[in-house]
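Engineer: So here's entry_24.cif, just mmCIF, C-alpha atoms:
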```cif
data_upload
#
loop_
_atom_site.label_atom_id
_atom_site.label_comp_id
_atom_site.auth_asym_id
_atom_site.auth_seq_id
_atom_site.Cartn_x
_atom_site.Cartn_y
_atom_site.Cartn_z
CA MET A 2 89.15 2.02 -95.38
CA GLU A 3 85.57 1.67 -96.69
CA GLU A 4 85.36 -1.71 -95.19
CA ASN A 5 86.30 -0.21 -91.87
CA PHE A 6 83.42 2.35 -92.01
CA GLN A 7 80.93 -0.35 -92.85
CA ASP A 8 82.11 -2.27 -89.83
CA ILE A 9 81.41 0.67 -87.53
CA ASP A 10 77.91 1.45 -88.88
CA GLN A 11 76.70 -2.06 -88.52
CA PRO A 12 75.20 -2.87 -85.15
CA VAL A 13 77.18 -5.20 -83.17
CA PHE A 14 75.21 -8.06 -81.72
CA VAL A 15 76.72 -9.71 -78.77
CA ALA A 16 75.00 -12.88 -77.73
CA PRO A 17 74.25 -12.96 -73.98
CA LYS A 18 76.07 -15.43 -71.94
CA LYS A 19 74.21 -18.46 -70.74
CA ASP A 20 73.96 -17.35 -67.11
CA GLN A 21 72.61 -13.94 -68.14
CA ILE A 22 69.45 -15.28 -69.72
CA LYS A 23 66.43 -14.74 -67.43
CA LYS A 24 64.53 -17.90 -67.08
CA PRO A 25 60.72 -17.78 -66.53
CA LEU A 26 59.72 -18.53 -62.92
CA SER A 27 58.95 -22.10 -62.22
CA PRO A 28 55.54 -23.04 -60.73
CA LYS A 29 57.29 -23.96 -57.51
CA SER A 30 58.77 -20.47 -57.15
CA LEU A 31 55.42 -18.88 -57.96
CA LEU A 32 53.81 -20.97 -55.25
CA LEU A 33 56.45 -19.93 -52.72
CA ILE A 34 56.04 -16.24 -53.58
CA GLY A 35 52.25 -16.56 -53.33
CA LEU A 36 52.53 -18.17 -49.94
CA GLY A 37 54.91 -15.44 -48.82
CA VAL A 38 52.48 -12.71 -49.89
CA LEU A 39 49.61 -14.47 -48.13
CA LEU A 40 51.68 -14.75 -44.96
CA LEU A 41 52.50 -11.06 -45.16
CA ILE A 42 48.81 -10.12 -45.54
CA LEU A 43 47.96 -12.42 -42.65
CA LEU A 44 50.56 -10.77 -40.43
CA ILE A 45 49.29 -7.29 -41.34
CA LEU A 46 45.72 -8.34 -40.51
CA LEU A 47 46.81 -9.86 -37.20
CA GLY A 48 48.64 -6.66 -36.40
CA LEU A 49 45.55 -4.59 -37.13
CA VAL A 50 43.38 -6.79 -34.92
CA SER A 51 45.91 -6.49 -32.08
CA VAL A 52 45.98 -2.72 -32.43
CA ARG A 53 42.21 -2.57 -32.29
CA LYS A 54 42.25 -4.62 -29.11
CA GLY A 55 44.66 -2.14 -27.62
CA ASP A 56 47.75 -4.31 -27.76
CA THR A 57 50.24 -2.56 -29.96
CA GLY A 58 52.91 -5.05 -29.17
CA LEU A 59 55.13 -2.16 -28.26
CA VAL A 60 56.78 -1.71 -24.93
CA PRO A 61 54.91 1.13 -23.22
CA ALA A 62 56.83 4.27 -22.61
CA PRO A 63 57.79 4.72 -18.98
CA SER A 64 55.44 7.02 -17.11
CA PRO A 65 56.94 10.27 -15.98
CA THR A 66 58.49 10.19 -12.57
CA PRO A 67 56.01 11.63 -10.07
CA THR A 68 57.18 14.84 -8.54
CA SER A 69 55.10 14.32 -5.40
CA ILE A 70 54.08 11.32 -3.34
CA PRO A 71 51.26 9.56 -5.22
CA LEU A 72 47.83 9.27 -3.70
CA PRO A 73 46.91 5.75 -2.63
CA THR A 74 44.64 5.45 -5.66
CA GLU A 75 47.66 5.49 -7.90
CA THR A 76 49.42 2.70 -6.11
CA ALA A 77 48.80 -0.96 -6.49
CA THR A 78 49.00 -1.58 -2.75
CA GLN A 79 46.30 -3.00 -0.54
CA LEU A 80 46.01 0.48 0.89
CA GLY A 81 45.23 1.78 -2.60
CA VAL A 82 42.41 -0.74 -2.84
CA LEU A 83 41.11 0.44 0.52
CA TYR A 84 41.30 4.05 -0.62
CA ARG A 85 39.19 3.28 -3.66
CA ARG A 86 36.62 1.65 -1.37
CA TRP A 87 36.72 4.75 0.78
CA GLN A 88 36.02 6.84 -2.33
CA ASP A 89 32.98 4.70 -3.16
CA ILE A 90 31.62 5.08 0.38
CA LYS A 91 32.22 8.84 0.29
CA GLN A 92 30.42 9.08 -3.04
CA GLU A 93 27.45 7.20 -1.57
CA PHE A 94 27.47 9.45 1.47
CA ASP A 95 27.47 12.57 -0.70
CA THR A 96 24.26 11.47 -2.41
CA ILE A 97 22.36 11.61 0.90
CA SER A 98 20.61 14.94 1.00
CA LEU A 99 17.65 16.17 2.97
CA GLU A 100 17.10 18.90 0.39
CA GLU A 101 15.86 16.49 -2.28
CA GLU A 102 12.40 17.10 -3.78
CA ILE A 103 11.16 13.98 -2.04
CA PHE A 104 11.82 15.56 1.36
CA GLN A 105 9.46 18.42 0.56
CA PRO A 106 5.93 17.03 1.00
CA PRO A 107 3.31 18.71 -1.19
CA VAL A 108 1.73 21.87 0.15
CA ILE A 109 -1.99 21.55 -0.39
CA ASP A 110 -4.93 23.71 0.51
CA LEU A 111 -6.83 21.76 3.14
CA GLN A 112 -9.03 24.65 4.23
CA ILE A 113 -10.52 24.54 0.77
CA HIS A 114 -14.19 24.73 1.67
CA ASP A 115 -13.95 27.84 3.89
CA MET B 20 26.34 -15.95 -22.34
CA LYS B 21 28.14 -13.26 -20.37
CA LYS B 22 27.18 -10.68 -22.99
CA ILE B 23 23.52 -11.66 -22.77
CA THR B 24 23.60 -11.44 -18.97
CA ALA B 25 25.28 -8.02 -19.14
CA LEU B 26 22.70 -6.85 -21.68
CA LEU B 27 19.86 -8.03 -19.46
CA VAL B 28 21.37 -6.22 -16.46
CA VAL B 29 21.74 -3.01 -18.50
CA LEU B 30 18.16 -3.27 -19.76
CA PHE B 31 16.87 -3.97 -16.26
CA LEU B 32 18.68 -0.95 -14.84
CA ALA B 33 17.59 1.25 -17.74
CA PHE B 34 13.94 0.29 -17.32
CA GLY B 35 14.21 0.67 -13.54
CA CYS B 36 15.60 4.20 -13.92
CA PHE B 37 13.02 4.96 -16.60
CA GLY B 38 10.26 3.82 -14.23
CA LEU B 39 11.48 6.15 -11.48
CA GLN B 40 11.82 9.01 -13.95
CA ALA B 41 8.32 8.36 -15.27
CA ASN B 42 6.90 8.41 -11.74
CA TYR B 43 8.64 11.68 -11.00
CA ALA B 44 7.45 13.23 -14.27
CA GLY B 45 3.92 12.05 -13.46
CA TYR B 46 4.13 13.63 -10.03
CA ILE B 47 5.24 16.99 -11.47
CA GLU B 48 2.36 16.85 -13.95
CA GLN B 49 -0.10 16.09 -11.14
CA ARG B 50 1.27 19.00 -9.13
CA ASP B 51 0.85 21.39 -12.07
CA GLN B 52 -2.68 20.16 -12.71
CA TYR B 53 -3.58 20.62 -9.05
CA LEU B 54 -2.18 24.17 -8.99
CA THR B 55 -4.08 25.06 -12.16
CA PHE B 56 -7.39 23.74 -10.82
CA HIS B 57 -6.76 25.32 -7.46
CA GLN B 58 -6.33 28.68 -9.14
CA SER B 59 -9.59 28.19 -11.05
CA TYR B 60 -11.30 27.21 -7.81
CA LEU B 61 -10.13 30.41 -6.07
CA LEU B 62 -11.49 32.49 -8.95
CA ALA B 63 -14.83 30.63 -8.87
CA LYS B 64 -15.02 31.08 -5.11
CA GLN B 65 -14.43 34.81 -5.45
CA ALA B 66 -17.04 35.07 -8.19
CA HIS B 67 -19.62 33.23 -6.07
CA GLN B 68 -18.91 35.42 -3.04
CA ASN B 69 -19.43 38.50 -5.22
CA TYR B 70 -22.56 37.47 -7.13
CA GLN B 71 -24.22 34.58 -5.21
CA THR B 72 -26.07 33.27 -8.25
CA LEU B 73 -27.04 29.71 -9.13
CA LYS B 74 -24.62 29.88 -12.05
CA THR B 75 -21.65 30.92 -9.88
CA LYS B 76 -22.62 28.24 -7.34
CA GLN B 77 -22.62 25.56 -10.03
CA GLU B 78 -19.27 26.81 -11.32
CA LEU B 79 -17.86 26.77 -7.79
CA PHE B 80 -19.09 23.19 -7.31
CA GLU B 81 -17.54 22.04 -10.59
CA SER B 82 -14.19 23.64 -9.80
CA LEU B 83 -14.20 22.27 -6.22
CA LYS B 84 -14.86 18.79 -7.57
CA GLN B 85 -11.90 19.15 -9.91
CA VAL B 86 -9.57 20.49 -7.26
CA LEU B 87 -10.47 17.71 -4.81
CA PHE B 88 -9.81 15.09 -7.46
CA TRP B 89 -6.43 16.56 -8.38
CA ARG B 90 -5.46 17.13 -4.75
CA ASP B 91 -5.81 13.38 -4.12
CA GLU B 92 -3.98 12.63 -7.37
CA PHE B 93 -1.13 14.92 -6.37
CA LEU B 94 -0.82 13.43 -2.87
CA GLY B 95 -1.12 9.91 -4.26
CA GLY B 96 1.68 10.69 -6.74
CA TYR B 97 3.90 11.88 -3.93
CA LEU B 98 3.21 8.73 -1.91
CA SER B 99 4.11 6.64 -4.97
CA LEU B 100 7.45 8.43 -5.17
CA LEU B 101 8.11 7.68 -1.49
CA ILE B 102 7.12 4.04 -1.93
CA ASP B 103 9.52 3.70 -4.87
CA GLU B 104 12.35 5.21 -2.84
CA GLY B 105 11.71 3.03 0.18
CA ARG B 106 10.95 -0.27 -1.54
CA SER B 107 14.50 -1.57 -1.40
CA LEU B 108 15.75 0.21 1.73
CA ILE B 109 12.79 0.08 4.14
CA PRO B 110 10.25 -2.35 2.68
CA ASP B 111 8.60 -2.82 6.09
CA GLN B 112 7.71 0.88 6.17
CA ILE B 113 5.88 1.19 2.88
CA GLY B 114 2.68 -0.57 4.02
CA VAL B 115 1.46 2.56 5.85
CA LEU B 116 1.95 4.67 2.73
CA GLN B 117 0.14 2.11 0.61
CA ASP B 118 -2.82 2.35 3.02
CA TYR B 119 -2.87 6.14 2.65
CA ARG B 120 -2.81 5.76 -1.11
CA ILE B 121 -5.80 3.42 -0.98
CA TRP B 122 -7.62 5.93 1.21
CA LEU B 123 -6.83 8.72 -1.26
CA GLY B 124 -8.14 6.56 -4.11
CA GLN B 125 -11.45 6.12 -2.31
CA ASP B 126 -11.57 9.84 -1.51
CA LYS B 127 -11.01 10.61 -5.18
CA GLN B 128 -13.94 8.41 -6.15
CA ALA B 129 -16.08 10.11 -3.51
CA ALA B 130 -15.14 13.50 -4.97
CA LEU B 131 -16.13 12.36 -8.45
CA ALA B 132 -19.45 11.05 -7.15
CA THR B 133 -20.50 14.34 -5.54
CA SER B 134 -23.51 16.05 -7.04
CA SER B 135 -23.73 19.28 -5.07
CA LEU B 136 -21.52 21.91 -3.51
CA GLU B 137 -22.52 20.72 -0.02
CA SER B 138 -21.52 17.10 -0.68
CA ALA B 139 -18.22 18.27 -2.19
CA VAL B 140 -17.51 20.29 0.94
CA THR B 141 -18.16 17.17 3.06
CA VAL B 142 -15.61 15.25 0.99
CA ALA B 143 -13.12 18.10 1.35
CA GLU B 144 -13.46 17.88 5.13
CA GLY B 145 -12.57 14.18 5.01
CA LEU B 146 -8.99 14.85 4.03
CA GLU B 147 -8.75 17.66 6.53
CA LEU B 148 -9.45 15.13 9.27
CA GLU B 149 -7.20 12.45 7.79
CA TYR B 150 -4.27 14.61 6.78
CA PRO B 151 -2.59 15.25 10.19
CA VAL B 152 -2.12 11.49 10.64
CA MET B 153 -1.01 11.08 7.05
CA GLU B 154 1.41 13.98 7.43
CA LYS B 155 3.00 12.36 10.46
CA GLY B 156 3.25 9.06 8.60
CA ILE B 157 5.04 10.81 5.75
CA PHE B 158 7.59 12.43 8.08
CA VAL B 159 8.15 9.19 10.00
CA PHE B 160 8.84 7.56 6.65
CA LEU B 161 11.26 10.32 5.62
CA THR B 162 13.09 9.92 8.93
CA GLU B 163 13.42 6.17 8.45
CA LEU B 164 14.52 6.62 4.85
CA THR B 165 17.31 8.99 5.85
CA ILE B 166 18.44 6.71 8.69
CA ALA B 167 18.47 3.73 6.33
CA ARG B 168 20.57 5.63 3.79
CA GLN B 169 23.00 6.74 6.50
CA ASN B 170 23.18 3.21 7.90
CA LEU B 171 24.23 1.82 4.54
CA VAL B 172 27.24 4.13 4.69
CA LEU B 173 27.81 3.38 8.38
CA GLU B 174 27.91 -0.38 7.77
CA LYS B 175 30.42 0.07 4.97
CA ILE B 176 32.59 2.22 7.22
CA ARG B 177 32.44 -0.45 9.92
CA LEU B 178 33.71 -3.01 7.40
CA LEU B 179 36.44 -0.70 6.15
CA VAL B 180 37.84 0.32 9.57
CA PRO B 181 39.38 -3.06 10.59
CA GLU B 182 40.95 -3.41 7.16
CA VAL B 183 42.54 0.04 7.32
CA GLU B 184 43.65 -0.78 10.84
CA ALA B 185 45.27 -4.05 9.73
CA GLU B 186 47.17 -2.24 6.98
CA THR B 187 48.41 0.63 9.10
CA LYS B 188 48.79 -0.68 12.66
CA HIS B 189 52.53 -1.40 12.35
CA ALA B 190 53.10 2.26 11.57
CA PHE B 191 51.82 3.42 14.94
CA ASP B 192 54.60 4.10 17.40
CA ARG B 193 52.71 2.91 20.41
CA GLN B 194 49.84 0.52 20.90
CA GLU B 195 48.00 3.28 22.78
CA ASP B 196 47.98 5.43 19.64
CA LEU B 197 46.28 2.66 17.74
CA PHE B 198 43.72 2.23 20.51
CA SER B 199 43.01 5.94 20.56
CA TRP B 200 42.65 5.96 16.74
CA ARG B 201 40.12 3.15 16.92
CA ALA B 202 38.30 4.76 19.87
CA GLU B 203 37.98 8.06 18.01
CA ILE B 204 36.27 6.37 15.10
CA GLU B 205 34.02 4.34 17.37
CA THR B 206 32.98 7.49 19.26
CA GLU B 207 31.98 9.19 16.02
CA LEU B 208 29.96 6.18 14.84
CA GLN B 209 28.23 5.85 18.18
CA GLU B 210 27.30 9.51 17.98
CA VAL B 211 25.73 8.86 14.57
CA GLU B 212 23.59 6.11 16.07
CA ARG B 213 22.68 8.17 19.13
CA LEU B 214 21.47 11.09 17.02
CA GLN B 215 19.54 8.77 14.73
CA LEU B 216 17.82 7.28 17.75
CA LEU B 217 16.93 10.74 19.02
CA ALA B 218 15.56 11.70 15.61
CA ARG B 219 13.48 8.54 15.44
CA GLN B 220 12.13 9.11 18.96
CA GLU B 221 11.35 12.77 18.27
CA MET B 222 9.35 11.84 15.17
CA ALA B 223 7.52 9.01 16.93
CA ASP B 224 6.52 11.40 19.72
CA SER B 225 5.30 14.01 17.26
CA ARG B 226 1.69 15.07 17.67
CA SER B 227 -0.81 14.62 14.88
CA ARG B 228 -3.78 16.51 16.19
CA ARG B 229 -3.59 19.40 13.78
CA ILE B 230 -2.22 19.94 10.31
CA GLY B 231 1.36 21.15 10.54
CA ASP B 232 2.18 19.43 13.87
CA ALA B 233 4.43 16.83 12.26
CA ALA B 234 5.92 19.37 9.83
CA SER B 235 6.95 21.48 12.80
CA ASP B 236 8.63 18.53 14.57
CA TRP B 237 10.31 17.51 11.31
CA LYS B 238 12.45 20.66 11.55
CA THR B 239 14.00 19.36 14.79
CA VAL B 240 14.33 15.84 13.40
CA LYS B 241 15.98 17.16 10.26
CA LYS B 242 18.59 18.99 12.36
CA LEU B 243 19.38 15.79 14.27
CA LEU B 244 19.73 13.84 11.03
CA VAL B 245 22.00 16.52 9.55
CA GLN B 246 24.14 16.27 12.71
CA SER B 247 24.36 12.48 12.48
CA GLY B 248 25.36 12.87 8.83
CA GLY B 249 28.03 15.31 9.98
CA HIS B 250 29.54 12.66 12.25
CA LEU B 251 29.57 10.18 9.38
CA ASN B 252 31.40 12.76 7.31
CA THR B 253 33.92 13.33 10.11
CA THR B 254 34.61 9.59 10.28
CA LEU B 255 35.11 9.44 6.54
CA ALA B 256 37.49 12.41 6.63
CA PHE B 257 39.43 10.78 9.47
CA LEU B 258 39.77 7.53 7.53
CA GLU B 259 40.93 9.35 4.43
CA GLU B 260 43.52 11.24 6.44
CA THR B 261 44.80 7.97 7.93
CA ILE B 262 45.14 6.29 4.54
CA ILE B 263 46.88 9.24 2.88
CA ASN B 264 49.18 9.94 5.80
CA PHE B 265 50.16 6.30 6.01
CA GLU B 266 50.99 6.36 2.31
CA LYS B 267 53.20 9.37 2.89
CA GLY B 268 54.81 7.63 5.84
CA ILE B 269 53.82 10.26 8.36
CA LEU B 270 51.20 8.36 10.27
CA ASP B 271 53.22 8.26 13.47
#
```
Could you quickly redo this structure as C-alpha cells?

Structural biologist:
Amino acid sequence: MEENFQDIDQPVFVAPKKDQIKKPLSPKSLLLIGLGVLLLILLILLGLVSVRKGDTGLVPAPSPTPTSIPLPTETATQLGVLYRRWQDIKQEFDTISLEEEIFQPPVIDLQIHD
Amino acid sequence: MKKITALLVVLFLAFGCFGLQANYAGYIEQRDQYLTFHQSYLLAKQAHQNYQTLKTKQELFESLKQVLFWRDEFLGGYLSLLIDEGRSLIPDQIGVLQDYRIWLGQDKQAALATSSLESAVTVAEGLELEYPVMEKGIFVFLTELTIARQNLVLEKIRLLVPEVEAETKHAFDRQEDLFSWRAEIETELQEVERLQLLARQEMADSRSRRIGDAASDWKTVKKLLVQSGGHLNTTLAFLEETIINFEKGILD
C-alpha cells in the first residue's frame, strides 16, 4: 500500500517521442523566412507608392446612373471636346469689358493756370 | 527636362503678371500723388487770390510746379498701362502712345526747370494744347484694343463653327435647315464686323480741336462696341444651344 502512495507522489517523466522534439531552424530555413519578410516589406512599400500615385489597384466603383441627360462636357464624344472649346471661348469673351479701369482715362485739370 | 521647362514657364508667367501688377500699383500711386498735389495747389491758389503777397506767390509757384510734374507722371503711368495691354494684341498701335510718353517726359523736365510762376504757367499751357490730340490717340487705341480682343474670340468661333457643323449635320432633317443654321451664325459674325468698322470709323473721324471732343465721341463708339460684343455673345449662345440640343437628340 505504501509503495503505491510513493508511486503516485513521484512525478512521472515521460520522454517525448522523437518526432515531437523541436529542432532548431536550419540556416537555410532562416534565409527563406528572411527573404519572405523582405518580399512582404517590398510589396507593402510598392503598394504605398501606388496609392500615393493615385492607383489603388482597386476597381473603381461604378458612377451613379445619371438621372438626366449629361451635358456634353461629361461625355467623351467629339462633341464634348467641342463643348469644352466653346467654354474656353466663352470664358475669354466674358473677360472683355469696357468698364475696366484702363478704359477710364485719367481726369486731369488742364485749366490749371486760370 | 520637362520639369525645368514647366518651371521656367511658370516663373515667366509669374514675373509677367507681377510686372503688370507693379505697373498698375505704380499708376494708382501716381494718381494719388497727383490728387494730393492738386489739392495743395488749389489751396495755394486760393491763398494767393486772397492775400496777393510775394510769399503766397512763391507758394503758388512751388505747388504749381509739383502739380505739373505729377500730372505728367500720372498721364505717363496711364500710357504705360495701355502700352502693356496692347503690346501683344496691337503692337503696331503702341508707337503713338510711346511718342506721347516721350513728350510727357520732356514736359516734366520743363516743369522742373521752371523758376517763376509765369514760366510754370507757360508749361501748363503746353499740355493744354497737346492734350486734345493725345486724348483722341488714347480713345483710338482703346477702340483698337477692344476690337482686337473681340476679334480673338471671333476667330476662335470661326474655327469652331465648321467642326460643330461636321459633328451635327447628319442630325438635321433637311439640308436647308443646315444652310439656315450656318447662315444665321454668319449673319451674326458679319454684324460684329460691321459694327466694329463703324466704331473704328467714328473714332477716326472724331475731332480733336478741344479737350473733351474725343471723350464725347467715345460714348458713341463704346455703344457700337458693346453692340458688336452682343452679337458675339448671341453667336456663342447659339452654338451652345446647338451642341447641347444635339447631345439631347432634339436638334431636328

Engineer: In Å to one decimal, how far is atom CA of B:Phe93 from atom CA of B:Gln49?

Structural biologist: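 A separation of 5.0 Å between them.
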
Engineer: Go through chain B residue by residue and, counting only C-alpha atoms, keep those with an atom at most 7 Å from chain A; for each kept residue give the shortest atom pair and its distance in Å to one decimal, ordered by chain and increasing number, as JSON lines.

Structural biologist:
```
{"residue": "B:Leu94", "atom": "CA", "partner": "A:Pro107", "partner_atom": "CA", "distance": 6.9}
{"residue": "B:Val140", "atom": "CA", "partner": "A:His114", "partner_atom": "CA", "distance": 5.6}
{"residue": "B:Ala143", "atom": "CA", "partner": "A:His114", "partner_atom": "CA", "distance": 6.7}
{"residue": "B:Glu147", "atom": "CA", "partner": "A:Leu111", "partner_atom": "CA", "distance": 5.7}
{"residue": "B:Leu161", "atom": "CA", "partner": "A:Phe104", "partner_atom": "CA", "distance": 6.8}
{"residue": "B:Arg168", "atom": "CA", "partner": "A:Ile97", "partner_atom": "CA", "distance": 6.9}
{"residue": "B:Val172", "atom": "CA", "partner": "A:Ile90", "partner_atom": "CA", "distance": 6.2}
{"residue": "B:Lys175", "atom": "CA", "partner": "A:Ile90", "partner_atom": "CA", "distance": 6.9}
{"residue": "B:Val183", "atom": "CA", "partner": "A:Leu83", "partner_atom": "CA", "distance": 7.0}
{"residue": "B:Glu186", "atom": "CA", "partner": "A:Leu80", "partner_atom": "CA", "distance": 6.8}
{"residue": "B:Leu255", "atom": "CA", "partner": "A:Lys91", "partner_atom": "CA", "distance": 6.9}
{"residue": "B:Ile262", "atom": "CA", "partner": "A:Tyr84", "partner_atom": "CA", "distance": 6.8}
{"residue": "B:Ile263", "atom": "CA", "partner": "A:Pro73", "partner_atom": "CA", "distance": 6.5}
{"residue": "B:Glu266", "atom": "CA", "partner": "A:Pro73", "partner_atom": "CA", "distance": 6.4}
{"residue": "B:Lys267", "atom": "CA", "partner": "A:Ile70", "partner_atom": "CA", "distance": 6.6}
```

Engineer: Write out, as a compact mmCIF listing (two decimals), in the coordinates of the input, the residues just selected, with C-alpha atoms.

Structural biologist:
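After the write, out-v6.txt holds the following:
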```txt
# COMPACT_ATOMS: atom_id res chain seq x y z
CA LEU B 94 -0.82 13.43 -2.87
CA VAL B 140 -17.51 20.29 0.94
CA ALA B 143 -13.12 18.10 1.35
CA GLU B 147 -8.75 17.66 6.53
CA LEU B 161 11.26 10.32 5.62
CA ARG B 168 20.57 5.63 3.79
CA VAL B 172 27.24 4.13 4.69
CA LYS B 175 30.42 0.07 4.97
CA VAL B 183 42.54 0.04 7.32
CA GLU B 186 47.17 -2.24 6.98
CA LEU B 255 35.11 9.44 6.54
CA ILE B 262 45.14 6.29 4.54
CA ILE B 263 46.88 9.24 2.88
CA GLU B 266 50.99 6.36 2.31
CA LYS B 267 53.20 9.37 2.89
```

Engineer: Spell out the residues picked by the PyMOL selection byres ((chain B and resi 105) around 10) here, as a PyMOL selection string.

Structural biologist: chain B and resi 99-104+106-113+160-161+163-165+167-168

Engineer: Which is closer to B:Leu244 than all the others in B:Asn170, B:Thr187, B:Ser134, B:Tyr46, using all atoms listed in the file?

Structural biologist: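 Checking each of B:Asn170, B:Thr187, B:Ser134, B:Tyr46 against B:Leu244, counting all atoms listed in the file, the winner is B:Asn170.
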
Engineer: Work out how far atom CA of B:Arg228 is from atom CA of B:Trp89, in Å to one decimal.

Structural biologist: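 These atoms are spaced 24.7 Å apart.
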
Engineer: Give me the result of the PyMOL selection byres ((chain B and resi 150) around 10) on this file, residue by residue, as a list in words.

Structural biologist: Leu111 of chain A; Tyr119, Glu144, Gly145, Leu146, Glu147, Leu148, Glu149, Pro151, Val152, Met153, Glu154, Lys155, Gly156, Ser227, Arg228, Arg229, Ile230 and Gly231 of chain B

Engineer: Which residue is closest to B:Ser82? Choose from B:Ile47, B:Ala256, B:Ala139, B:Val115 and count only C-alpha atoms.

Structural biologist: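 Nearest to B:Ser82: B:Ala139.
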
Engineer: Run the PyMOL selection byres ((chain B and resi 209) around 12) on the file and write out the hits as a ChimeraX atom specification.

Structural biologist: /B:170,173,177,202-208,210-216,247,250-251,254

Engineer: Using C-alpha atoms, can you export the residues from the last selection as a tab-separated table (two decimals), in the frame of the given file?

Structural biologist:
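After the write, again_22.tsv holds the following:
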```tsv
chain	number	residue	atom	x	y	z
B	170	ASN	CA	23.18	3.21	7.90
B	173	LEU	CA	27.81	3.38	8.38
B	177	ARG	CA	32.44	-0.45	9.92
B	202	ALA	CA	38.30	4.76	19.87
B	203	GLU	CA	37.98	8.06	18.01
B	204	ILE	CA	36.27	6.37	15.10
B	205	GLU	CA	34.02	4.34	17.37
B	206	THR	CA	32.98	7.49	19.26
B	207	GLU	CA	31.98	9.19	16.02
B	208	LEU	CA	29.96	6.18	14.84
B	210	GLU	CA	27.30	9.51	17.98
B	211	VAL	CA	25.73	8.86	14.57
B	212	GLU	CA	23.59	6.11	16.07
B	213	ARG	CA	22.68	8.17	19.13
B	214	LEU	CA	21.47	11.09	17.02
B	215	GLN	CA	19.54	8.77	14.73
B	216	LEU	CA	17.82	7.28	17.75
B	247	SER	CA	24.36	12.48	12.48
B	250	HIS	CA	29.54	12.66	12.25
B	251	LEU	CA	29.57	10.18	9.38
B	254	THR	CA	34.61	9.59	10.28
```

Engineer: Between atom CA of B:Ser235 and atom CA of B:Glu221, what is the distance in Å, rounded to a tenth?

Structural biologist: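 Interatomic distance, atom CA of B:Ser235 to atom CA of B:Glu221: 11.2 Å.
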
Engineer: Restricting the calculation to only C-alpha atoms, which member of B:Asp224, B:Leu87, B:Glu259, B:Ser138 is positioned closest to A:Arg85?

Structural biologist: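 For A:Arg85, the nearest of the given residues is B:Glu259.
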